[in-house]
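Undergrad: Let me begin by handing over the structure; questions about it come next.
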Amino acid sequence: MLKKFAKLWFLLASSSLLYISNSNAVATLPTDITRCRHGDTECIVRTSINVIRKYGSSGYAAAAFPVIEPFRLKRLDISDGRGGSLSLKLNFRDVDVLGLSGVNFQRAVGFGKDPSSSKFELYGDLPKMIIRGKYTADGRILILPIRGEGDADITLDRPKFSVKFKPNLINRNGKTYLMVDKLKVFLEPRKIFVKLTNLFNGDQTLSSHMNQFLNENWFEIWSELQPSVQVAIAEIMKSILTNMFKRFAYDDIFEV
């Protein structure tokens, strides 16, 4: 009996020590990812593009980098039903956001040695970004009512973008980690293409005319939808950065 108790105690103690050891361990960036110097924005742009191109479809768990092609969301709301020429409740579920792996970062700003005073900004463009999923719509666009529930395909053609964020700093085990607090995204597509199936209870004529109307008046519609789309994309960017900054201390991401 005493032998069994001693064995059990040893296993519990070993497990506890292992847990404590792992929880205090410092994660290191995988060696196949280039570590740039603080503020070397050309290197940051180049490395970010390389990682996304290489691991966008598979993810890279060791680098806390998720699959982004496609980036999957259970739910996405891109309109809050506000007034003006758009009064629409537009909700998506089981969403795939496609095209993020084609990102082309053109420049970065900041990423300096002291994260408390540094800027964190990225600018670039995409060949296209597609939001695809199940939708429900009820409301009014310009002068026309719109109702439906079916499949949605919204394509942003060659959107330019900027991402800016301000982190909070957390000290853990003597190292500084970032927590993304305020993050803003600005998107400006050259055009958008909209396809919504099963509008007006499946009336093919009305559905076809509405899709045509949406695409012919894309600029006015985008002007109304833009704020809520940007908020939705900002949440995607925030989740990606949060995973990385939780895993790696700020200085450990860079070359000393």
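For the structure tokens, the naming scheme is as follows: chains receive sequential letters (A, B, ...) according to their order of presentation, residues are indexed from 1 within each chain, and ligands are indexed from 1 in presentation order.
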Please identify every residue of segment 182-243 of chain A that has at least one atom no farther than 7 Å from an atom of segment 162-171 of chain A, counting only C-alpha atoms, and for each give the shortest atom pair and the distance in Å to one decimal, arranged by chain then increasing number, as CSV.
TA:
residue,atom,partner,partner_atom,distance
A:Lys182,CA,A:Lys166,CA,5.3
A:Leu183,CA,A:Phe165,CA,4.1
A:Lys184,CA,A:Lys164,CA,5.4
A:Val185,CA,A:Val163,CA,4.7
A:Phe186,CA,A:Ser162,CA,5.2
A:Leu187,CA,A:Ser162,CA,6.9
Undergrad: At a cut-off of 9 Å, using only C-alpha atoms, what residues contact segment 29-35 of chain A? Leave out same-chain residues fewer than 6 positions from it and give the result as a ChimeraX atom specification.
TA: /A:43-44,47,50-51,62-63,248,252-256
Undergrad: Next, the residues of the selection above should be written as a short mmCIF file (atom, residue, chain, number, x, y, z; two decimals), in the first residue's frame with all heavy atoms.
TA:
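Below is the file part-v2.cif, written as the result:
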data_model
loop_
_atom_site.label_atom_id
_atom_site.label_comp_id
_atom_site.auth_asym_id
_atom_site.auth_seq_id
_atom_site.Cartn_x
_atom_site.Cartn_y
_atom_site.Cartn_z
N CYS A 43 12.84 44.60 -43.80
CA CYS A 43 12.94 43.19 -43.41
C CYS A 43 11.62 42.67 -42.88
O CYS A 43 11.21 41.55 -43.20
CB CYS A 43 14.03 43.03 -42.34
SG CYS A 43 14.21 41.34 -41.71
N ILE A 44 10.91 43.48 -42.11
CA ILE A 44 9.61 43.08 -41.55
C ILE A 44 8.62 42.82 -42.67
O ILE A 44 7.88 41.83 -42.65
CB ILE A 44 9.09 44.15 -40.57
CG1 ILE A 44 9.97 44.16 -39.30
CG2 ILE A 44 7.63 43.91 -40.21
CD1 ILE A 44 9.73 45.35 -38.40
N THR A 47 9.77 39.55 -44.59
CA THR A 47 9.56 38.33 -43.80
C THR A 47 8.08 38.02 -43.65
O THR A 47 7.66 36.85 -43.75
CB THR A 47 10.20 38.48 -42.41
OG1 THR A 47 11.61 38.71 -42.57
CG2 THR A 47 9.98 37.24 -41.57
N ASN A 50 6.85 36.45 -46.84
CA ASN A 50 7.36 35.08 -46.99
C ASN A 50 6.59 34.09 -46.13
O ASN A 50 6.25 32.99 -46.58
CB ASN A 50 8.85 35.04 -46.64
CG ASN A 50 9.72 35.72 -47.67
OD1 ASN A 50 9.29 35.93 -48.81
ND2 ASN A 50 10.93 36.09 -47.30
N VAL A 51 6.32 34.46 -44.88
CA VAL A 51 5.59 33.56 -43.97
C VAL A 51 4.18 33.31 -44.48
O VAL A 51 3.69 32.18 -44.50
CB VAL A 51 5.57 34.15 -42.54
CG1 VAL A 51 4.61 33.36 -41.65
CG2 VAL A 51 6.97 34.14 -41.94
N ALA A 62 4.10 26.18 -34.71
CA ALA A 62 5.28 26.55 -33.93
C ALA A 62 5.50 28.06 -33.91
O ALA A 62 6.16 28.59 -33.01
CB ALA A 62 6.52 25.86 -34.50
N ALA A 63 4.95 28.75 -34.90
CA ALA A 63 5.06 30.22 -34.96
C ALA A 63 3.76 30.90 -34.56
O ALA A 63 3.63 32.13 -34.72
CB ALA A 63 5.46 30.66 -36.37
N PHE A 248 5.04 34.74 -28.00
CA PHE A 248 6.42 35.22 -28.05
C PHE A 248 6.57 36.59 -27.39
O PHE A 248 5.78 37.50 -27.65
CB PHE A 248 6.91 35.31 -29.50
CG PHE A 248 6.78 34.02 -30.25
CD1 PHE A 248 5.80 33.86 -31.22
CD2 PHE A 248 7.62 32.95 -29.99
CE1 PHE A 248 5.66 32.68 -31.92
CE2 PHE A 248 7.49 31.75 -30.67
CZ PHE A 248 6.50 31.61 -31.64
N ASP A 252 11.94 38.78 -28.31
CA ASP A 252 12.31 37.47 -28.87
C ASP A 252 11.87 37.32 -30.32
O ASP A 252 12.28 36.37 -30.99
CB ASP A 252 11.72 36.34 -28.02
CG ASP A 252 12.35 36.27 -26.64
OD1 ASP A 252 13.48 36.78 -26.50
OD2 ASP A 252 11.72 35.72 -25.71
N ILE A 253 11.02 38.20 -30.79
CA ILE A 253 10.61 38.17 -32.20
C ILE A 253 11.70 38.79 -33.08
O ILE A 253 11.81 38.47 -34.26
CB ILE A 253 9.27 38.92 -32.39
CG1 ILE A 253 8.16 38.22 -31.60
CG2 ILE A 253 8.88 39.01 -33.86
CD1 ILE A 253 6.86 38.98 -31.58
N PHE A 254 12.54 39.64 -32.47
CA PHE A 254 13.52 40.41 -33.23
C PHE A 254 14.95 39.91 -32.96
O PHE A 254 15.23 39.28 -31.93
CB PHE A 254 13.42 41.89 -32.88
CG PHE A 254 12.12 42.51 -33.30
CD1 PHE A 254 11.05 42.56 -32.42
CD2 PHE A 254 11.96 43.05 -34.56
CE1 PHE A 254 9.84 43.12 -32.79
CE2 PHE A 254 10.76 43.62 -34.95
CZ PHE A 254 9.70 43.65 -34.06
N GLU A 255 15.82 40.24 -33.87
CA GLU A 255 17.25 39.95 -33.70
C GLU A 255 17.85 40.96 -32.74
O GLU A 255 17.62 42.17 -32.86
CB GLU A 255 17.96 40.03 -35.05
CG GLU A 255 19.45 39.72 -35.00
CD GLU A 255 20.13 39.88 -36.35
OE1 GLU A 255 19.39 39.99 -37.36
OE2 GLU A 255 21.36 39.92 -36.39
N VAL A 256 18.63 40.47 -31.82
CA VAL A 256 19.26 41.37 -30.83
C VAL A 256 20.51 41.99 -31.42
O VAL A 256 21.33 41.31 -32.02
CB VAL A 256 19.61 40.58 -29.56
CG1 VAL A 256 20.29 41.50 -28.55
CG2 VAL A 256 18.36 39.96 -28.95
#
Undergrad: Which one is closest to Ile68 of chain A: A:Phe105, A:Phe92, A:Arg140, A:Ser239? Count only C-alpha atoms.
TA: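 Nearest candidate to Ile68 of chain A out of A:Phe105, A:Phe92, A:Arg140, A:Ser239: A:Ser239.
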Undergrad: Measuring between only C-alpha atoms, which one of A:Tyr250, A:Tyr55, A:Trp218, A:Phe71 shows the shortest distance to Gly133 of chain A?
TA: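 Ranking A:Tyr250, A:Tyr55, A:Trp218, A:Phe71 by distance to Gly133 of chain A, first place goes to A:Phe71.
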Undergrad: Which of these, A:Glu42, A:Asn198, A:Ile78, A:Gly59, has the shortest distance to Ala234 of chain A once you count only C-alpha atoms?
TA: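 Using only C-alpha atoms, Ala234 of chain A sits closest to A:Ile78.
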Undergrad: Quick one: of A:Cys36, A:Asp203, A:Arg247, A:Glu69, who's nearest to Arg172 of chain A, counting only C-alpha atoms?
TA: A:Arg247
Undergrad: Work out how far atom CA of Tyr60 of chain A is from atom CA of Val180 of chain A, in Å to one decimal.
TA: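 Answer for the atom CA of Val180 of chain A to atom CA of Tyr60 of chain A separation: 20.4 Å.
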Undergrad: Which neighbours of Phe161 of chain A fall inside 9 Å, counting only C-alpha atoms, when residues of the same chain fewer than 3 positions from it are skipped, and could you give them as a list of chain:residue names?
TA: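 The contact residues come out as A:Leu122, A:Tyr123, A:Gly124, A:Asp125, A:Leu126, A:Val185, A:Phe186, A:Leu187, A:Glu188, A:Pro189.
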Undergrad: Of the candidates A:Lys74, A:Lys89, A:Arg107, A:Lys175, which one gets nearest to Ser48 of chain A if we count only C-alpha atoms?
TA: A:Arg107
Undergrad: Need the shell around Arg190 of chain A: protein/DNA/RNA residues with any atom at most 9 Å away, counting only C-alpha atoms. Skip same-chain ones fewer than 3 positions apart. Format as a VMD selection string?
TA: chain A and resid 156 to 160
Undergrad: Keeping only N, CA and C atoms, write the selected residues as a tab-separated table (two decimals), in the first residue's frame.
TA:
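The file below, again16.tsv, is the result:
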chain	number	residue	atom	x	y	z
A	156	LEU	N	-14.07	41.83	-53.13
A	156	LEU	CA	-13.44	43.15	-53.15
A	156	LEU	C	-12.26	43.06	-54.13
A	157	ASP	N	-12.31	43.84	-55.19
A	157	ASP	CA	-11.30	43.78	-56.24
A	157	ASP	C	-10.14	44.72	-55.93
A	158	ARG	N	-8.94	44.15	-55.86
A	158	ARG	CA	-7.70	44.89	-55.65
A	158	ARG	C	-7.81	45.95	-54.54
A	159	PRO	N	-8.22	45.53	-53.35
A	159	PRO	CA	-8.33	46.52	-52.27
A	159	PRO	C	-6.97	46.94	-51.72
A	160	LYS	N	-6.81	48.23	-51.53
A	160	LYS	CA	-5.68	48.76	-50.76
A	160	LYS	C	-6.09	48.75	-49.29
Undergrad: Which polymer residues have any atom within 10 Å of an atom of Gly202 of chain A, counting only C-alpha atoms, with same-chain residues fewer than 6 positions away left out, as a PyMOL selection string?
TA: chain A and resi 148-150
Undergrad: Among segment 42-182 of chain A, which residues does DSSP mark as strand (DSSP E or B) when it is run on the backbone? Keep the chain and numbering as in the structure and answer as a PyMOL selection string.
TA: chain A and resi 60+65+71-77+86-98+104-110+120-125+128-141+144-157+160-172+175-182
Undergrad: Just the number, please: distance in Å from atom CA of Arg46 of chain A to atom CA of Leu100 of chain A, one decimal.
TA: 15.9 Å
Undergrad: List the neighbours of Val95 of chain A out to 8 Å using only C-alpha atoms; skip same-chain residues closer than 3 positions along the sequence, and give me the result as a list in words.
TA: Arg72, Leu73, Lys74, Arg75, Leu76, Phe92, Ile131, Arg132, Gly133 and Lys134 of chain A
Undergrad: Which distance in Å separates atom CA of Glu121 of chain A and atom CA of Thr176 of chain A, to one decimal?
TA: 19.6 Å
Undergrad: Go through A:Asp94, A:Glu216, A:Asp40, A:Glu235 and flag the residue nearest Ile192 of chain A, using only C-alpha atoms for the distances.
TA: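 Among A:Asp94, A:Glu216, A:Asp40, A:Glu235, it is A:Glu216 that comes nearest to Ile192 of chain A.
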